[in-house]
Each structure stands twice: as C-alpha cells, then as structure tokens.
$ cat final_0.pdb   # PDB, C-alpha atoms
MODEL        1
ATOM      1  CA  MET A   1     129.220 -75.617  35.327
ATOM      2  CA  LYS A   2     130.143 -75.648  39.036
ATOM      3  CA  ARG A   3     133.781 -75.351  38.130
ATOM      4  CA  ARG A   4     133.159 -72.286  35.965
ATOM      5  CA  LEU A   5     131.094 -70.663  38.692
ATOM      6  CA  LEU A   6     133.816 -71.323  41.256
ATOM      7  CA  LEU A   7     136.515 -69.912  38.977
ATOM      8  CA  ALA A   8     134.375 -66.855  38.223
ATOM      9  CA  ALA A   9     133.734 -66.330  41.946
ATOM     10  CA  LEU A  10     137.448 -66.678  42.713
ATOM     11  CA  ALA A  11     138.376 -64.224  39.962
ATOM     12  CA  PHE A  12     135.773 -61.776  41.212
ATOM     13  CA  ALA A  13     136.931 -62.103  44.823
ATOM     14  CA  ALA A  14     140.569 -61.712  43.847
ATOM     15  CA  SER A  15     139.853 -58.534  41.931
ATOM     16  CA  THR A  16     137.980 -56.714  44.680
ATOM     17  CA  VAL A  17     139.464 -54.109  46.939
ATOM     18  CA  PRO A  18     137.654 -52.777  50.001
ATOM     19  CA  ALA A  19     136.238 -49.319  49.380
ATOM     20  CA  PHE A  20     136.227 -48.168  52.996
ATOM     21  CA  ALA A  21     138.859 -46.783  55.297
ATOM     22  CA  HIS A  22     139.444 -47.399  58.993
ATOM     23  CA  LEU A  23     136.438 -46.445  61.065
ATOM     24  CA  ASP A  24     136.741 -43.607  63.544
ATOM     25  CA  PRO A  25     136.566 -45.262  67.001
ATOM     26  CA  ALA A  26     134.795 -42.214  68.439
ATOM     27  CA  GLU A  27     131.981 -42.561  65.884
ATOM     28  CA  HIS A  28     131.680 -46.322  65.491
ATOM     29  CA  GLY A  29     132.954 -47.741  68.764
ATOM     30  CA  SER A  30     136.162 -49.519  69.476
ATOM     31  CA  LEU A  31     134.874 -53.027  68.743
ATOM     32  CA  MET A  32     133.699 -52.139  65.226
ATOM     33  CA  ALA A  33     136.823 -50.086  64.545
ATOM     34  CA  GLY A  34     138.906 -53.123  65.504
ATOM     35  CA  PHE A  35     136.709 -55.478  63.493
ATOM     36  CA  THR A  36     136.905 -53.403  60.318
ATOM     37  CA  HIS A  37     140.623 -52.682  60.647
ATOM     38  CA  PRO A  38     141.889 -55.970  59.110
ATOM     39  CA  LEU A  39     139.160 -55.746  56.466
ATOM     40  CA  SER A  40     140.290 -52.332  55.259
ATOM     41  CA  GLY A  41     143.684 -53.264  53.894
ATOM     42  CA  LEU A  42     144.405 -55.607  51.018
ATOM     43  CA  ASP A  43     147.644 -56.696  52.686
ATOM     44  CA  HIS A  44     145.799 -57.852  55.809
ATOM     45  CA  ILE A  45     143.067 -59.644  53.875
ATOM     46  CA  LEU A  46     145.457 -61.503  51.577
ATOM     47  CA  VAL A  47     147.719 -62.649  54.419
ATOM     48  CA  MET A  48     144.818 -63.901  56.545
ATOM     49  CA  ILE A  49     143.318 -65.800  53.603
ATOM     50  CA  ALA A  50     146.769 -67.201  52.698
ATOM     51  CA  VAL A  51     147.226 -68.509  56.243
ATOM     52  CA  GLY A  52     143.893 -70.332  55.953
ATOM     53  CA  LEU A  53     144.727 -71.668  52.492
ATOM     54  CA  TRP A  54     148.108 -72.930  53.665
ATOM     55  CA  ALA A  55     146.566 -74.591  56.714
ATOM     56  CA  ALA A  56     144.015 -76.299  54.447
ATOM     57  CA  GLN A  57     146.784 -77.509  52.129
ATOM     58  CA  ILE A  58     148.688 -79.036  55.020
ATOM     59  CA  GLY A  59     145.643 -80.446  56.809
ATOM     60  CA  GLY A  60     145.653 -82.435  60.019
ATOM     61  CA  ARG A  61     146.572 -80.546  63.162
ATOM     62  CA  ALA A  62     147.799 -77.607  61.106
ATOM     63  CA  LEU A  63     144.214 -76.886  60.083
ATOM     64  CA  TRP A  64     143.549 -75.299  63.460
ATOM     65  CA  ALA A  65     147.073 -74.837  64.905
ATOM     66  CA  VAL A  66     148.416 -72.545  62.179
ATOM     67  CA  PRO A  67     145.547 -70.006  62.269
ATOM     68  CA  ALA A  68     145.405 -70.189  66.081
ATOM     69  CA  ALA A  69     149.139 -69.447  66.268
ATOM     70  CA  PHE A  70     148.670 -66.470  63.980
ATOM     71  CA  VAL A  71     145.833 -65.050  66.074
ATOM     72  CA  GLY A  72     147.622 -65.649  69.384
ATOM     73  CA  THR A  73     150.934 -64.174  68.262
ATOM     74  CA  MET A  74     149.128 -61.263  66.614
ATOM     75  CA  ALA A  75     147.488 -60.471  69.976
ATOM     76  CA  PHE A  76     150.932 -60.615  71.598
ATOM     77  CA  GLY A  77     152.316 -58.175  69.002
ATOM     78  CA  PHE A  78     149.375 -55.870  69.723
ATOM     79  CA  GLY A  79     150.307 -56.012  73.397
ATOM     80  CA  LEU A  80     153.909 -55.062  72.599
ATOM     81  CA  ALA A  81     152.756 -51.997  70.674
ATOM     82  CA  THR A  82     150.323 -50.859  73.363
ATOM     83  CA  ALA A  83     153.052 -51.335  75.990
ATOM     84  CA  GLY A  84     155.280 -48.963  74.016
ATOM     85  CA  ILE A  85     157.887 -51.591  73.136
ATOM     86  CA  HIS A  86     159.559 -50.744  69.834
ATOM     87  CA  LEU A  87     159.572 -53.333  67.065
ATOM     88  CA  PRO A  88     161.597 -52.414  63.963
ATOM     89  CA  PHE A  89     160.754 -53.092  60.325
ATOM     90  CA  VAL A  90     157.006 -53.500  60.889
ATOM     91  CA  GLU A  91     155.769 -52.448  57.447
ATOM     92  CA  PRO A  92     158.522 -54.287  55.523
ATOM     93  CA  ALA A  93     157.774 -57.441  57.532
ATOM     94  CA  ILE A  94     154.053 -57.145  56.759
ATOM     95  CA  LEU A  95     154.784 -56.804  53.044
ATOM     96  CA  ALA A  96     157.268 -59.678  53.239
ATOM     97  CA  SER A  97     154.539 -61.799  54.828
ATOM     98  CA  LEU A  98     152.437 -61.398  51.678
ATOM     99  CA  VAL A  99     155.228 -62.649  49.474
ATOM    100  CA  ALA A 100     156.401 -65.414  51.828
ATOM    101  CA  LEU A 101     152.974 -66.818  52.664
ATOM    102  CA  GLY A 102     151.913 -66.509  49.033
ATOM    103  CA  LEU A 103     154.992 -68.516  48.027
ATOM    104  CA  LEU A 104     154.276 -71.172  50.650
ATOM    105  CA  VAL A 105     150.765 -71.595  49.226
ATOM    106  CA  ALA A 106     151.921 -71.370  45.594
ATOM    107  CA  MET A 107     154.562 -74.015  46.151
ATOM    108  CA  ALA A 108     152.247 -76.095  48.398
ATOM    109  CA  VAL A 109     155.046 -76.345  50.962
ATOM    110  CA  ARG A 110     154.426 -78.995  53.603
ATOM    111  CA  LEU A 111     156.350 -78.529  56.823
ATOM    112  CA  GLN A 112     155.916 -79.988  60.282
ATOM    113  CA  THR A 113     153.088 -78.231  62.117
ATOM    114  CA  ALA A 114     155.523 -76.701  64.615
ATOM    115  CA  ALA A 115     157.523 -75.133  61.781
ATOM    116  CA  CYS A 116     154.341 -73.772  60.175
ATOM    117  CA  VAL A 117     153.307 -72.295  63.517
ATOM    118  CA  ALA A 118     156.715 -70.626  63.856
ATOM    119  CA  VAL A 119     156.578 -69.162  60.342
ATOM    120  CA  VAL A 120     153.120 -67.639  60.719
ATOM    121  CA  GLY A 121     153.954 -66.557  64.263
ATOM    122  CA  VAL A 122     156.832 -64.381  63.108
ATOM    123  CA  PHE A 123     154.638 -62.585  60.599
ATOM    124  CA  ALA A 124     151.679 -62.373  62.992
ATOM    125  CA  LEU A 125     153.832 -60.535  65.513
ATOM    126  CA  PHE A 126     154.303 -57.690  63.037
ATOM    127  CA  HIS A 127     150.649 -57.642  61.982
ATOM    128  CA  GLY A 128     149.567 -57.404  65.618
ATOM    129  CA  TYR A 129     152.113 -54.701  66.315
ATOM    130  CA  ALA A 130     150.746 -52.685  63.398
ATOM    131  CA  HIS A 131     147.222 -53.018  64.794
ATOM    132  CA  GLY A 132     148.463 -51.764  68.156
ATOM    133  CA  GLY A 133     150.287 -48.883  66.543
ATOM    134  CA  GLU A 134     147.069 -47.771  64.865
ATOM    135  CA  LEU A 135     144.930 -48.003  67.997
ATOM    136  CA  GLY A 136     144.322 -44.274  68.105
ATOM    137  CA  ALA A 137     141.445 -43.234  70.378
ATOM    138  CA  ALA A 138     139.996 -46.742  70.609
ATOM    139  CA  ASP A 139     139.918 -48.724  73.839
ATOM    140  CA  ALA A 140     142.490 -51.512  73.598
ATOM    141  CA  LEU A 141     140.354 -54.455  74.731
ATOM    142  CA  PRO A 142     137.305 -53.901  72.485
ATOM    143  CA  PHE A 143     139.549 -52.899  69.559
ATOM    144  CA  SER A 144     141.721 -56.006  69.908
ATOM    145  CA  THR A 145     138.634 -58.195  70.338
ATOM    146  CA  GLY A 146     137.279 -56.791  67.083
ATOM    147  CA  PHE A 147     140.406 -57.420  65.027
ATOM    148  CA  VAL A 148     140.878 -60.885  66.540
ATOM    149  CA  ILE A 149     137.334 -61.809  65.491
ATOM    150  CA  ALA A 150     137.814 -60.397  61.980
ATOM    151  CA  THR A 151     141.179 -62.124  61.580
ATOM    152  CA  THR A 152     139.726 -65.421  62.747
ATOM    153  CA  LEU A 153     136.868 -65.092  60.260
ATOM    154  CA  LEU A 154     139.328 -64.369  57.437
ATOM    155  CA  HIS A 155     141.332 -67.460  58.420
ATOM    156  CA  VAL A 156     138.128 -69.514  58.431
ATOM    157  CA  ALA A 157     137.297 -68.129  54.969
ATOM    158  CA  GLY A 158     140.748 -69.159  53.741
ATOM    159  CA  ILE A 159     140.362 -72.624  55.238
ATOM    160  CA  GLY A 160     136.880 -72.982  53.725
ATOM    161  CA  LEU A 161     138.165 -71.815  50.357
ATOM    162  CA  GLY A 162     141.112 -74.195  50.573
ATOM    163  CA  LEU A 163     138.991 -77.167  51.580
ATOM    164  CA  GLY A 164     136.357 -76.312  48.975
ATOM    165  CA  ILE A 165     138.737 -76.045  46.058
ATOM    166  CA  GLY A 166     140.642 -79.061  47.387
ATOM    167  CA  ARG A 167     137.633 -81.174  46.442
ATOM    168  CA  LEU A 168     137.968 -80.181  42.801
ATOM    169  CA  SER A 169     140.123 -82.226  40.467
ATOM    170  CA  SER A 170     142.201 -79.098  39.769
ATOM    171  CA  GLY A 171     142.008 -77.873  43.378
ATOM    172  CA  LEU A 172     145.731 -77.940  44.071
ATOM    173  CA  MET A 173     146.400 -75.969  40.906
ATOM    174  CA  ILE A 174     143.777 -73.369  41.885
ATOM    175  CA  SER A 175     145.122 -72.944  45.417
ATOM    176  CA  ARG A 176     148.649 -72.653  44.050
ATOM    177  CA  LEU A 177     147.412 -70.041  41.592
ATOM    178  CA  LEU A 178     145.851 -68.092  44.469
ATOM    179  CA  GLY A 179     149.190 -68.262  46.275
ATOM    180  CA  GLY A 180     150.909 -66.914  43.185
ATOM    181  CA  LEU A 181     148.412 -64.062  42.948
ATOM    182  CA  THR A 182     149.149 -63.245  46.593
ATOM    183  CA  VAL A 183     152.869 -63.086  45.775
ATOM    184  CA  PHE A 184     152.225 -60.706  42.884
ATOM    185  CA  ALA A 185     149.959 -58.537  45.034
ATOM    186  CA  GLY A 186     152.691 -58.393  47.672
ATOM    187  CA  LEU A 187     155.296 -57.425  45.104
ATOM    188  CA  ALA A 188     152.978 -54.756  43.708
ATOM    189  CA  LEU A 189     152.492 -53.278  47.167
ATOM    190  CA  ILE A 190     156.246 -53.363  47.802
ATOM    191  CA  LEU A 191     156.988 -51.584  44.540
ATOM    192  CA  ASN A 192     154.178 -49.071  44.981
TER     193      ASN A 192
ENDMDL
END

$ encode --input "final_0.pdb" --output "structure tokens"
Amino acid sequence: MKRRLLLAALAFAASTVPAFAHLDPAEHGSLMAGFTHPLSGLDHILVMIAVGLWAAQIGGRALWAVPAAFVGTMAFGFGLATAGIHLPFVEPAILASLVALGLLVAMAVRLQTAACVAVVGVFALFHGYAHGGELGAADALPFSTGFVIATTLLHVAGIGLGLGIGRLSSGLMISRLLGGLTVFAGLALILN
C-alpha cells in the first residue's frame, strides 16, 4: 500500500506545473520575488530536484557538497549578471542542464565528488546568471537571498525524495525513472 501511495504521489508531483508567474518586486517585495522565481519555471524546479536526487544517489560527501556547489556557483553567476558581465548561451545551457542532469540521474552515474561538483557548477553558473538577468526592479541582495533559499529547499526536497525512494526495494528504478522523465521534459522544452 505504501508503495502505491508513493508512486501515486510521485506521478502527481511529476505532472504538476506551477500556475503562477514571477511576482512583481514592487508589489511583493524583493525577497518574495526572489523566492518565487525558481518555483515559477518547470526548468528550474526539475534541475534543482535532479541535483538533489543525484546527490542522494551518490551519497557520502556528495550529499551536501553537490547541492552546496550548485547554490554557491549559482550565486556567483547572479553576481556576474548584476555586474553586467556577458555570458553567452544562457538559455541553451539551462535547457541542456535538464537533459544532462536528468541523464546522470537516469543512468545513476557515480563520479568522484569533485567531478560532480564541477558538473553542477557549470550548469549553476547559467541558472544564476539567468536569475540576475531577470532581476528587474528588485533589490539584488533580498532577491538573491530569496532564490538561494528556494533553490536550497528544492535541493533538500530532491535529496529527501532520493533518500526516501532509496529505501524501497525498487528505489533505484524509481529514481532512474524520475531522471528519465527529467530528460524528456528537457527535450520537450528544447523542442517547444
């Protein structure tokens, strides 16, 4: 029964799409605009969850190092954008991150922690740059604090999901399936 409930919950979660757009910083404040920003795009949500799932698959030091590297490098990318430094291919790199991270989860790839940190760091740079490019009227510090908190929470959700399904007898299969679904979502966004 627990297994059916978990599968139903996973199917339900995988089929949802946020129904809200980015908040106007003037109306909702910079912190909330930053917090809701990563939650308002399927690409952001799937990548952040995939990072957590991959970290859970690898385990050990990677459990905290991989998400921390993503958050830190994302903040650096945000800083590049707010400093006016140009970074090419931002949107293609974000879409590629969906496919690449989905494949890493789907194939349950185990690399050294340093290599995992480098992989997520490259993609995080582009995600952070995109956040900085969409700063708008928001104040940089509260906005960045908001999206760092939201990103961290999405990573924690991915880790919790990964550790939770890892306890099931078919846990590896389920996490690999979620990785595959992330790949297909990425391909759908690329082709759309």

$ atom_distance --input "final_0.pdb" --atom1 "CA of Gly72 in chain A" --atom2 "CA of Ala106 in chain A"
24.8 Å

$ residues_near_point --input "final_0.pdb" --point "(156.1, -71.2, 48.4)" --cutoff "12 Å" --atoms "only C-alpha atoms" --output "list of chain:residue names"
A:Ala50, A:Trp54, A:Gln57, A:Ser97, A:Leu98, A:Val99, A:Ala100, A:Leu101, A:Gly102, A:Leu103, A:Leu104, A:Val105, A:Ala106, A:Met107, A:Ala108, A:Val109, A:Arg110, A:Leu111, A:Ser175, A:Arg176, A:Leu177, A:Leu178, A:Gly179, A:Gly180, A:Leu181, A:Thr182, A:Val183

$ residues_around --input "final_0.pdb" --residues "Leu161 in chain A" --least-positions-apart "4" --cutoff "12 Å" --atoms "only C-alpha atoms" --output "PDB file with C-alpha atoms, in the coordinates of the input"
ATOM      1  CA  LEU A   6     133.816 -71.323  41.256  1.00  0.00           C
ATOM      2  CA  LEU A   7     136.515 -69.912  38.977  1.00  0.00           C
ATOM      3  CA  ALA A   9     133.734 -66.330  41.946  1.00  0.00           C
ATOM      4  CA  LEU A  10     137.448 -66.678  42.713  1.00  0.00           C
ATOM      5  CA  ALA A  13     136.931 -62.103  44.823  1.00  0.00           C
ATOM      6  CA  ILE A  49     143.318 -65.800  53.603  1.00  0.00           C
ATOM      7  CA  ALA A  50     146.769 -67.201  52.698  1.00  0.00           C
ATOM      8  CA  VAL A  51     147.226 -68.509  56.243  1.00  0.00           C
ATOM      9  CA  GLY A  52     143.893 -70.332  55.953  1.00  0.00           C
ATOM     10  CA  LEU A  53     144.727 -71.668  52.492  1.00  0.00           C
ATOM     11  CA  TRP A  54     148.108 -72.930  53.665  1.00  0.00           C
ATOM     12  CA  ALA A  55     146.566 -74.591  56.714  1.00  0.00           C
ATOM     13  CA  ALA A  56     144.015 -76.299  54.447  1.00  0.00           C
ATOM     14  CA  GLN A  57     146.784 -77.509  52.129  1.00  0.00           C
ATOM     15  CA  LEU A 154     139.328 -64.369  57.437  1.00  0.00           C
ATOM     16  CA  HIS A 155     141.332 -67.460  58.420  1.00  0.00           C
ATOM     17  CA  VAL A 156     138.128 -69.514  58.431  1.00  0.00           C
ATOM     18  CA  ALA A 157     137.297 -68.129  54.969  1.00  0.00           C
ATOM     19  CA  ILE A 165     138.737 -76.045  46.058  1.00  0.00           C
ATOM     20  CA  GLY A 166     140.642 -79.061  47.387  1.00  0.00           C
ATOM     21  CA  ARG A 167     137.633 -81.174  46.442  1.00  0.00           C
ATOM     22  CA  LEU A 168     137.968 -80.181  42.801  1.00  0.00           C
ATOM     23  CA  GLY A 171     142.008 -77.873  43.378  1.00  0.00           C
ATOM     24  CA  LEU A 172     145.731 -77.940  44.071  1.00  0.00           C
ATOM     25  CA  ILE A 174     143.777 -73.369  41.885  1.00  0.00           C
ATOM     26  CA  SER A 175     145.122 -72.944  45.417  1.00  0.00           C
ATOM     27  CA  LEU A 178     145.851 -68.092  44.469  1.00  0.00           C
TER      28      LEU A 178
END

$ residues_around --input "final_0.pdb" --residues "range 146-148 of chain A" --least-positions-apart "2" --cutoff "9 Å" --atoms "only C-alpha atoms" --output "PDB file with C-alpha atoms, keeping the file's coordinate frame"
ATOM      1  CA  SER A  30     136.162 -49.519  69.476  1.00  0.00           C
ATOM      2  CA  LEU A  31     134.874 -53.027  68.743  1.00  0.00           C
ATOM      3  CA  MET A  32     133.699 -52.139  65.226  1.00  0.00           C
ATOM      4  CA  ALA A  33     136.823 -50.086  64.545  1.00  0.00           C
ATOM      5  CA  GLY A  34     138.906 -53.123  65.504  1.00  0.00           C
ATOM      6  CA  PHE A  35     136.709 -55.478  63.493  1.00  0.00           C
ATOM      7  CA  THR A  36     136.905 -53.403  60.318  1.00  0.00           C
ATOM      8  CA  HIS A  37     140.623 -52.682  60.647  1.00  0.00           C
ATOM      9  CA  PRO A  38     141.889 -55.970  59.110  1.00  0.00           C
ATOM     10  CA  LEU A  39     139.160 -55.746  56.466  1.00  0.00           C
ATOM     11  CA  VAL A  71     145.833 -65.050  66.074  1.00  0.00           C
ATOM     12  CA  GLY A  72     147.622 -65.649  69.384  1.00  0.00           C
ATOM     13  CA  MET A  74     149.128 -61.263  66.614  1.00  0.00           C
ATOM     14  CA  ALA A  75     147.488 -60.471  69.976  1.00  0.00           C
ATOM     15  CA  HIS A 131     147.222 -53.018  64.794  1.00  0.00           C
ATOM     16  CA  LEU A 141     140.354 -54.455  74.731  1.00  0.00           C
ATOM     17  CA  PRO A 142     137.305 -53.901  72.485  1.00  0.00           C
ATOM     18  CA  PHE A 143     139.549 -52.899  69.559  1.00  0.00           C
ATOM     19  CA  SER A 144     141.721 -56.006  69.908  1.00  0.00           C
ATOM     20  CA  ALA A 150     137.814 -60.397  61.980  1.00  0.00           C
ATOM     21  CA  THR A 151     141.179 -62.124  61.580  1.00  0.00           C
ATOM     22  CA  THR A 152     139.726 -65.421  62.747  1.00  0.00           C
ATOM     23  CA  LEU A 153     136.868 -65.092  60.260  1.00  0.00           C
TER      24      LEU A 153
END

$ resolve_selection --input "final_0.pdb" --expression "the PyMOL selection byres ((chain A and resi 132-138) around 6)" --output "ChimeraX atom specification"
/A:25,30,78,81-82,129-131,139

$ closest_residue --input "final_0.pdb" --among "A:Ala69, A:Met173, A:Leu189, A:Leu163" --to "Ile94 in chain A" --atoms "all atoms listed in the file"
A:Leu189

$ atom_distance --input "final_0.pdb" --atom1 "CA of Val119 in chain A" --atom2 "CA of Gly186 in chain A"
17.1 Å

$ atom_distance --input "final_0.pdb" --atom1 "CA of His127 in chain A" --atom2 "CA of Gly77 in chain A"
7.2 Å

$ residues_around --input "final_0.pdb" --residues "Ala93 in chain A" --least-positions-apart "3" --cutoff "7 Å" --atoms "only C-alpha atoms" --output "count of residues only"
6

$ axis_aligned_box --input "final_0.pdb" --around "range 148-158 of chain A" --padding-each-side "5 Å" --output "JSON"
{"center_x": 139.1, "center_y": -65.0, "center_z": 60.1, "size_x": 14.5, "size_y": 19.1, "size_z": 22.8}
